[in-house]
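Structure below is final_5.txt: compact mmCIF, C-alpha atoms.
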```txt
# COMPACT_ATOMS: atom_id res chain seq x y z
CA MET R 1 0.00 0.00 0.00
CA PRO R 2 1.44 3.40 -0.86
CA SER R 3 2.58 5.19 2.27
CA CYS R 4 3.72 8.57 0.97
CA SER R 5 0.31 10.02 0.33
CA ALA R 6 0.71 13.48 -1.16
CA ASP R 7 -1.55 15.34 -3.52
CA ARG R 8 -0.08 17.11 -6.51
CA GLU R 9 1.58 20.33 -5.41
CA LEU R 10 3.14 23.31 -7.09
CA LEU R 11 6.82 23.93 -6.57
CA PRO R 12 7.61 26.95 -4.42
CA SER R 13 8.08 29.97 -6.66
CA SER R 14 11.67 30.93 -7.37
CA GLY R 15 10.73 34.27 -8.83
CA THR R 16 11.26 33.39 -12.49
CA SER R 17 8.53 33.58 -15.08
CA GLY R 18 7.06 30.51 -16.66
CA ALA R 19 4.95 27.52 -15.78
CA ALA R 20 5.16 25.68 -12.48
CA PRO R 21 5.29 21.92 -12.99
CA LEU R 22 3.20 19.54 -10.93
CA LEU R 23 4.96 17.31 -8.45
CA VAL R 24 4.33 13.59 -8.77
CA PRO R 25 3.52 11.79 -5.49
CA LEU R 26 6.42 9.63 -4.30
CA SER R 27 4.17 6.61 -3.87
CA TRP R 28 3.44 6.63 -7.61
CA LEU R 29 7.06 5.59 -8.29
CA ALA R 30 6.43 2.33 -6.45
CA GLN R 31 3.18 1.89 -8.37
CA TYR R 32 4.94 2.60 -11.69
CA GLY R 33 7.77 0.22 -10.84
CA TYR R 34 5.26 -2.53 -10.12
CA CYS R 35 2.90 -1.89 -13.05
CA PRO R 36 2.95 1.23 -15.28
CA ARG R 37 -0.64 0.58 -16.40
CA ARG R 38 -1.95 0.45 -12.84
CA CYS R 39 -0.07 3.64 -12.06
CA GLY R 40 -1.67 5.26 -15.10
CA LEU R 41 -5.14 4.24 -13.95
CA LEU R 42 -4.41 5.58 -10.48
CA ALA R 43 -3.15 8.87 -11.86
CA LEU R 44 -5.58 9.50 -14.71
CA ASP R 45 -8.78 7.83 -13.56
CA GLN R 46 -8.18 7.86 -9.80
CA ALA R 47 -8.99 4.16 -9.98
CA TRP R 48 -8.20 2.19 -6.84
CA VAL R 49 -9.99 -0.99 -5.84
CA GLU R 50 -9.41 -1.77 -2.19
CA ASN R 51 -9.40 -5.33 -0.92
CA ALA R 52 -8.83 -6.90 2.50
CA GLU R 53 -5.05 -6.80 2.03
CA THR R 54 -4.87 -3.12 1.08
CA ALA R 55 -7.41 -2.14 3.74
CA SER R 56 -5.30 -3.85 6.41
CA GLY R 57 -2.18 -2.11 5.16
CA ARG R 58 -3.92 1.27 5.18
CA THR R 59 -5.06 0.77 8.77
CA GLN R 60 -1.56 -0.18 9.89
CA HIS R 61 -0.13 2.88 8.18
CA GLN R 62 -2.65 5.13 9.93
CA ARG R 63 -1.20 3.94 13.24
CA VAL R 64 2.32 5.05 12.34
CA HIS R 65 1.42 8.12 10.24
CA THR R 66 1.36 10.77 12.93
CA ALA R 67 3.64 13.69 12.15
CA ARG R 68 5.98 14.14 15.10
CA VAL R 69 9.60 14.44 16.17
CA GLU R 70 10.92 12.16 18.88
CA ARG R 71 14.32 12.33 20.54
CA LYS R 72 15.99 9.23 21.94
CA GLY R 73 19.38 10.00 23.42
CA ASP R 74 21.37 11.88 20.79
CA ASP R 75 19.20 10.69 17.90
CA LEU R 76 16.05 12.15 16.34
CA PHE R 77 13.16 10.25 14.76
CA LEU R 78 11.13 12.28 12.27
CA TYR R 79 7.77 10.73 11.45
CA GLU R 80 5.71 11.60 8.36
CA LEU R 81 8.29 14.14 7.22
CA PRO R 82 7.24 16.12 4.10
CA VAL R 83 9.88 16.02 1.35
CA TYR R 84 10.15 17.10 -2.28
CA SER R 85 12.68 17.26 -5.09
CA ARG R 86 12.80 19.93 -7.79
CA THR R 87 15.17 17.73 -9.78
CA LEU R 88 12.95 14.64 -9.79
CA GLY R 89 9.67 16.55 -9.74
CA VAL R 90 8.27 14.45 -6.88
CA SER R 91 6.89 15.11 -3.42
CA GLY R 92 5.51 13.11 -0.53
CA LYS R 93 6.03 12.14 3.07
CA CYS R 94 8.60 9.79 4.58
CA ASP R 95 7.17 7.31 7.05
CA CYS R 96 10.20 7.79 9.30
CA VAL R 97 13.59 9.43 8.94
CA GLU R 98 16.08 8.40 11.59
CA ALA R 99 18.61 11.15 12.29
CA HIS R 100 21.63 9.61 13.99
CA ALA R 101 24.18 11.85 15.64
CA ALA R 102 27.35 11.85 13.53
CA PRO R 103 30.36 14.18 13.26
CA ASP R 104 30.13 14.20 9.45
CA GLY R 105 26.38 14.78 9.33
CA VAL R 106 24.23 17.85 8.64
CA LEU R 107 22.34 20.39 10.69
CA LEU R 108 18.57 19.98 10.96
CA PRO R 109 15.88 22.47 12.01
CA TYR R 110 14.30 19.88 14.30
CA GLY R 111 16.89 19.75 17.09
CA GLU R 112 20.42 20.66 18.11
CA GLY R 113 23.24 18.52 16.77
CA ILE R 114 24.69 17.13 13.55
CA PHE R 115 22.99 14.10 12.06
CA GLN R 116 23.27 11.38 9.42
CA LEU R 117 19.87 10.72 7.83
CA TYR R 118 18.44 7.23 7.37
CA PRO R 119 14.99 6.86 5.75
CA VAL R 120 12.72 3.98 6.78
CA GLU R 121 9.71 3.03 4.65
CA TYR R 122 6.90 1.04 6.31
CA LYS R 123 5.22 -1.73 4.34
CA HIS R 124 2.39 -4.13 5.11
CA GLY R 125 3.19 -7.85 5.24
CA VAL R 126 6.30 -9.92 5.82
CA VAL R 127 9.85 -9.50 4.56
CA ARG R 128 10.07 -9.94 0.79
CA LYS R 129 13.46 -9.72 -0.87
CA GLY R 130 13.94 -8.09 -4.24
CA GLU R 131 10.83 -5.86 -4.23
CA GLU R 132 12.29 -3.32 -6.65
CA GLU R 133 9.30 -0.98 -6.54
CA TYR R 134 9.77 -0.58 -2.79
CA HIS R 135 13.45 0.18 -3.33
CA LEU R 136 12.58 2.84 -5.91
CA GLN R 137 10.26 4.60 -3.48
CA LEU R 138 12.84 4.46 -0.68
CA CYS R 139 15.59 5.73 -2.97
CA ALA R 140 13.39 8.60 -4.15
CA GLN R 141 12.85 9.60 -0.53
CA ALA R 142 16.61 9.59 0.02
CA LEU R 143 17.19 11.72 -3.10
CA CYS R 144 14.63 14.23 -1.82
CA LEU R 145 16.35 14.38 1.55
CA GLU R 146 19.77 14.78 -0.06
CA GLU R 147 18.51 17.67 -2.16
CA GLN R 148 16.77 19.39 0.74
CA PHE R 149 19.50 19.03 3.35
CA GLY R 150 22.67 18.81 1.25
CA CYS R 151 23.79 15.42 2.50
CA VAL R 152 24.67 11.95 1.22
CA ILE R 153 22.54 8.98 2.28
CA PRO R 154 24.20 5.61 1.55
CA ALA R 155 21.38 3.35 2.76
CA GLY R 156 17.86 3.09 4.11
CA SER R 157 15.46 0.36 5.20
CA ILE R 158 12.09 -1.20 4.40
CA PHE R 159 10.28 -2.05 7.65
CA TYR R 160 7.71 -4.84 7.31
CA ILE R 161 4.99 -4.19 9.87
CA ASN R 162 3.61 -7.73 10.24
CA SER R 163 6.97 -9.38 10.83
CA HIS R 164 8.53 -6.41 12.67
CA ARG R 165 11.70 -6.79 10.63
CA ARG R 166 13.85 -4.53 8.53
CA ASP R 167 15.36 -5.11 5.14
CA GLU R 168 18.27 -2.72 4.63
CA VAL R 169 18.67 -1.33 1.11
CA ALA R 170 21.97 0.00 -0.22
CA LEU R 171 21.31 3.11 -2.30
CA THR R 172 23.71 2.21 -5.09
CA ASP R 173 24.44 4.22 -8.24
CA ALA R 174 22.44 1.70 -10.26
CA LEU R 175 19.38 2.08 -8.00
CA ARG R 176 19.68 5.87 -8.08
CA GLN R 177 19.82 5.86 -11.88
CA LYS R 178 16.79 3.57 -12.07
CA THR R 179 14.89 5.84 -9.68
CA VAL R 180 15.65 8.98 -11.70
CA LEU R 181 14.57 7.26 -14.94
CA THR R 182 11.36 5.97 -13.34
CA ALA R 183 10.53 9.42 -11.97
CA TRP R 184 11.04 10.95 -15.42
CA GLN R 185 8.94 8.28 -17.15
CA LYS R 186 6.08 9.13 -14.82
CA ARG R 187 6.59 12.87 -14.76
CA LYS R 188 6.81 13.35 -18.51
CA GLN R 189 3.20 12.15 -18.81
CA GLU R 190 1.98 15.06 -16.68
CA LYS R 191 0.53 18.00 -18.61
CA ILE R 192 1.41 21.65 -18.23
CA GLN R 193 0.23 24.96 -19.68
CA HIS R 194 2.86 26.28 -22.08
CA PRO R 195 3.16 30.03 -21.36
CA PHE R 196 3.89 31.05 -25.00
CA LEU R 197 1.63 28.68 -26.91
CA GLU R 198 -1.08 28.90 -24.25
CA GLU R 199 -1.81 25.24 -24.85
CA THR R 200 -1.67 22.23 -22.55
CA ILE R 201 1.12 19.82 -23.50
CA PRO R 202 2.80 16.82 -21.81
CA ILE R 203 5.97 17.72 -19.94
CA GLY R 204 7.86 15.16 -22.02
CA LEU R 205 7.18 17.22 -25.17
CA ILE R 206 8.68 20.45 -23.83
CA PRO R 207 12.18 19.87 -25.35
CA HIS R 208 10.61 19.07 -28.74
CA THR R 209 8.28 22.07 -28.51
CA GLN R 210 11.13 24.44 -27.69
CA ALA R 211 13.18 23.05 -30.58
CA MET R 212 10.28 23.70 -32.96
CA LEU R 213 9.95 27.27 -31.66
CA PHE R 214 13.67 27.83 -32.20
CA ALA R 215 13.33 26.52 -35.76
CA ARG R 216 10.58 29.10 -36.35
CA VAL R 217 12.97 31.84 -35.21
CA LEU R 218 15.63 30.60 -37.66
CA ARG R 219 13.07 30.63 -40.48
CA GLY R 220 12.09 34.19 -39.59
CA GLU R 221 8.58 33.24 -38.47
CA LEU R 222 9.20 34.57 -34.96
CA ASP R 223 11.07 37.74 -34.03
CA GLU R 224 12.66 36.22 -30.94
CA TYR R 225 12.95 32.89 -29.18
CA PRO R 226 10.45 32.42 -26.34
CA PRO R 227 12.34 30.58 -23.57
CA PHE R 228 10.61 28.17 -21.22
CA HIS R 229 11.44 28.67 -17.53
CA TRP R 230 10.74 26.15 -14.80
CA ARG R 231 9.55 27.78 -11.63
```

Let me see the structure of the file written as structure tokens.
Amino acid sequence: MPSCSADRELLPSSGTSGAAPLLVPLSWLAQYGYCPRRCGLLALDQAWVENAETASGRTQHQRVHTARVERKGDDLFLYELPVYSRTLGVSGKCDCVEAHAAPDGVLLPYGEGIFQLYPVEYKHGVVRKGEEEYHLQLCAQALCLEEQFGCVIPAGSIFYINSHRRDEVALTDALRQKTVLTAWQKRKQEKIQHPFLEETIPIGLIPHTQAMLFARVLRGELDEYPPFHWR
């Protein structure tokens, strides 16, 4: 069951002109990794058929999804922490981010000290090895945290609620690359209002659209090139 439930949001304005792209919910990466068609139905038609398994998972997540910060000794535990990435174009909430005191860590606004971040994603059921879609979602959370806090996160964990066990996941270069590609495959399907054409186009067509506009400038059909700015 997806645990990073976030509606589409607009990126915070950076003061530049242009369209603001929609952020894709983090949980959709896991859905896309498992089945692109199901992810499409969820995104486009808001189709979701709940069964006993998913209902149980949702209930268990409701027990742990209470936004709070807990301190245990020198460490912090950040529950339901909102995160986003401008680079990936995703947003959501981390089930839990463990912030362990470390001399080579980063400062956080949640408590005094320097911390190494360690994301933990909660999942319904028992330990299942090789669930790539879970790893994609966890890695995306780590990439969001790295972008927001300027740190490096080498690993995280999937916590299986029924068995009360963790499966540690190394955030390798290969997994990071797969996560970035998956995020782009999902994001490029989103539609955006082009500020010059004043038409709605898929994000994936923006490079092609800009190239066509530049060709019109070269042919003398446009006086100047209309740039496209992300906001």

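Each of R:Gln193, R:Ser163, R:Gln116, R:Thr182 was checked against Val90 (chain R) using only C-alpha atoms; the smallest atom-to-atom distance is that of R:Thr182.
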
Per residue of region 155-209 of chain R within 10 Å of region 83-88 of chain R, note the shortest atom pair and the distance in Å to one decimal, counting all atoms listed in the file, and order the rows by chain and increasing residue number, as a Markdown table.
```
| residue | atom | partner | partner_atom | distance |
| --- | --- | --- | --- | --- |
| R:Thr179 | CA | R:Leu88 | CA | 9.0 |
| R:Val180 | CA | R:Leu88 | CA | 6.6 |
| R:Leu181 | CA | R:Leu88 | CA | 9.1 |
| R:Thr182 | CA | R:Leu88 | CA | 9.5 |
| R:Ala183 | CA | R:Leu88 | CA | 6.2 |
| R:Trp184 | CA | R:Leu88 | CA | 7.0 |
| R:Arg187 | CA | R:Leu88 | CA | 8.3 |
```

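You can rank R:Lys191, R:Cys144, R:Ser91, R:Ala155 by their closest distance to Asp173 (chain R) using only C-alpha atoms, and at the top of that list sits R:Ala155.
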
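For the pair CA of Pro82 (chain R) and CA of Val106 (chain R), the separation is 17.7 Å.
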
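The shortest atom-to-atom distance to Pro195 (chain R), with only C-alpha atoms taken into account, belongs to R:Gln210 out of R:Leu23, R:Gln210, R:Ala101, R:Glu80.
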
Completion exercise
Students should find that CA of Glu198 (chain R) and CA of Leu26 (chain R) are spaced 28.7 Å

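Atom to atom, CA of Ala67 (chain R) and CA of Gly150 (chain R) stand 22.5 Å apart.
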
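The closest residue to Val120 (chain R), picked from R:Val97, R:Leu175, R:Cys151, R:Leu78 and counting all atoms listed in the file, is R:Val97.
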
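With all atoms listed in the file as the basis for measurement, R:Leu136 is the residue among R:Leu136, R:Val69, R:Leu205, R:Leu145 that approaches Arg176 (chain R) most closely.
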
Fill in the blank from the handout: Min atom-atom distance to Pro25 (chain R) from the set R:Ala140, R:Leu213, R:Leu108, R:Leu76, counting only C-alpha atoms, belongs to R:Ala140

Problem - Residues within 12 Å of (24.3, 12.7, 25.5), file coords, all atoms listed in the file, listed as a list of chain:residue names - result: R:Arg71, R:Lys72, R:Gly73, R:Asp74, R:Asp75, R:Ala101, R:Glu112, R:Gly113

Exercise for the section: Excluding Ser157 (chain R) and residues on its chain fewer than 5 positions from it, collect all residues at most 12 Å away from it, counting all atoms listed in the file, and give them as a PyMOL selection string. Expected result: chain R and resi 94-98+117-123+127+129+134-139+141-142+165-171
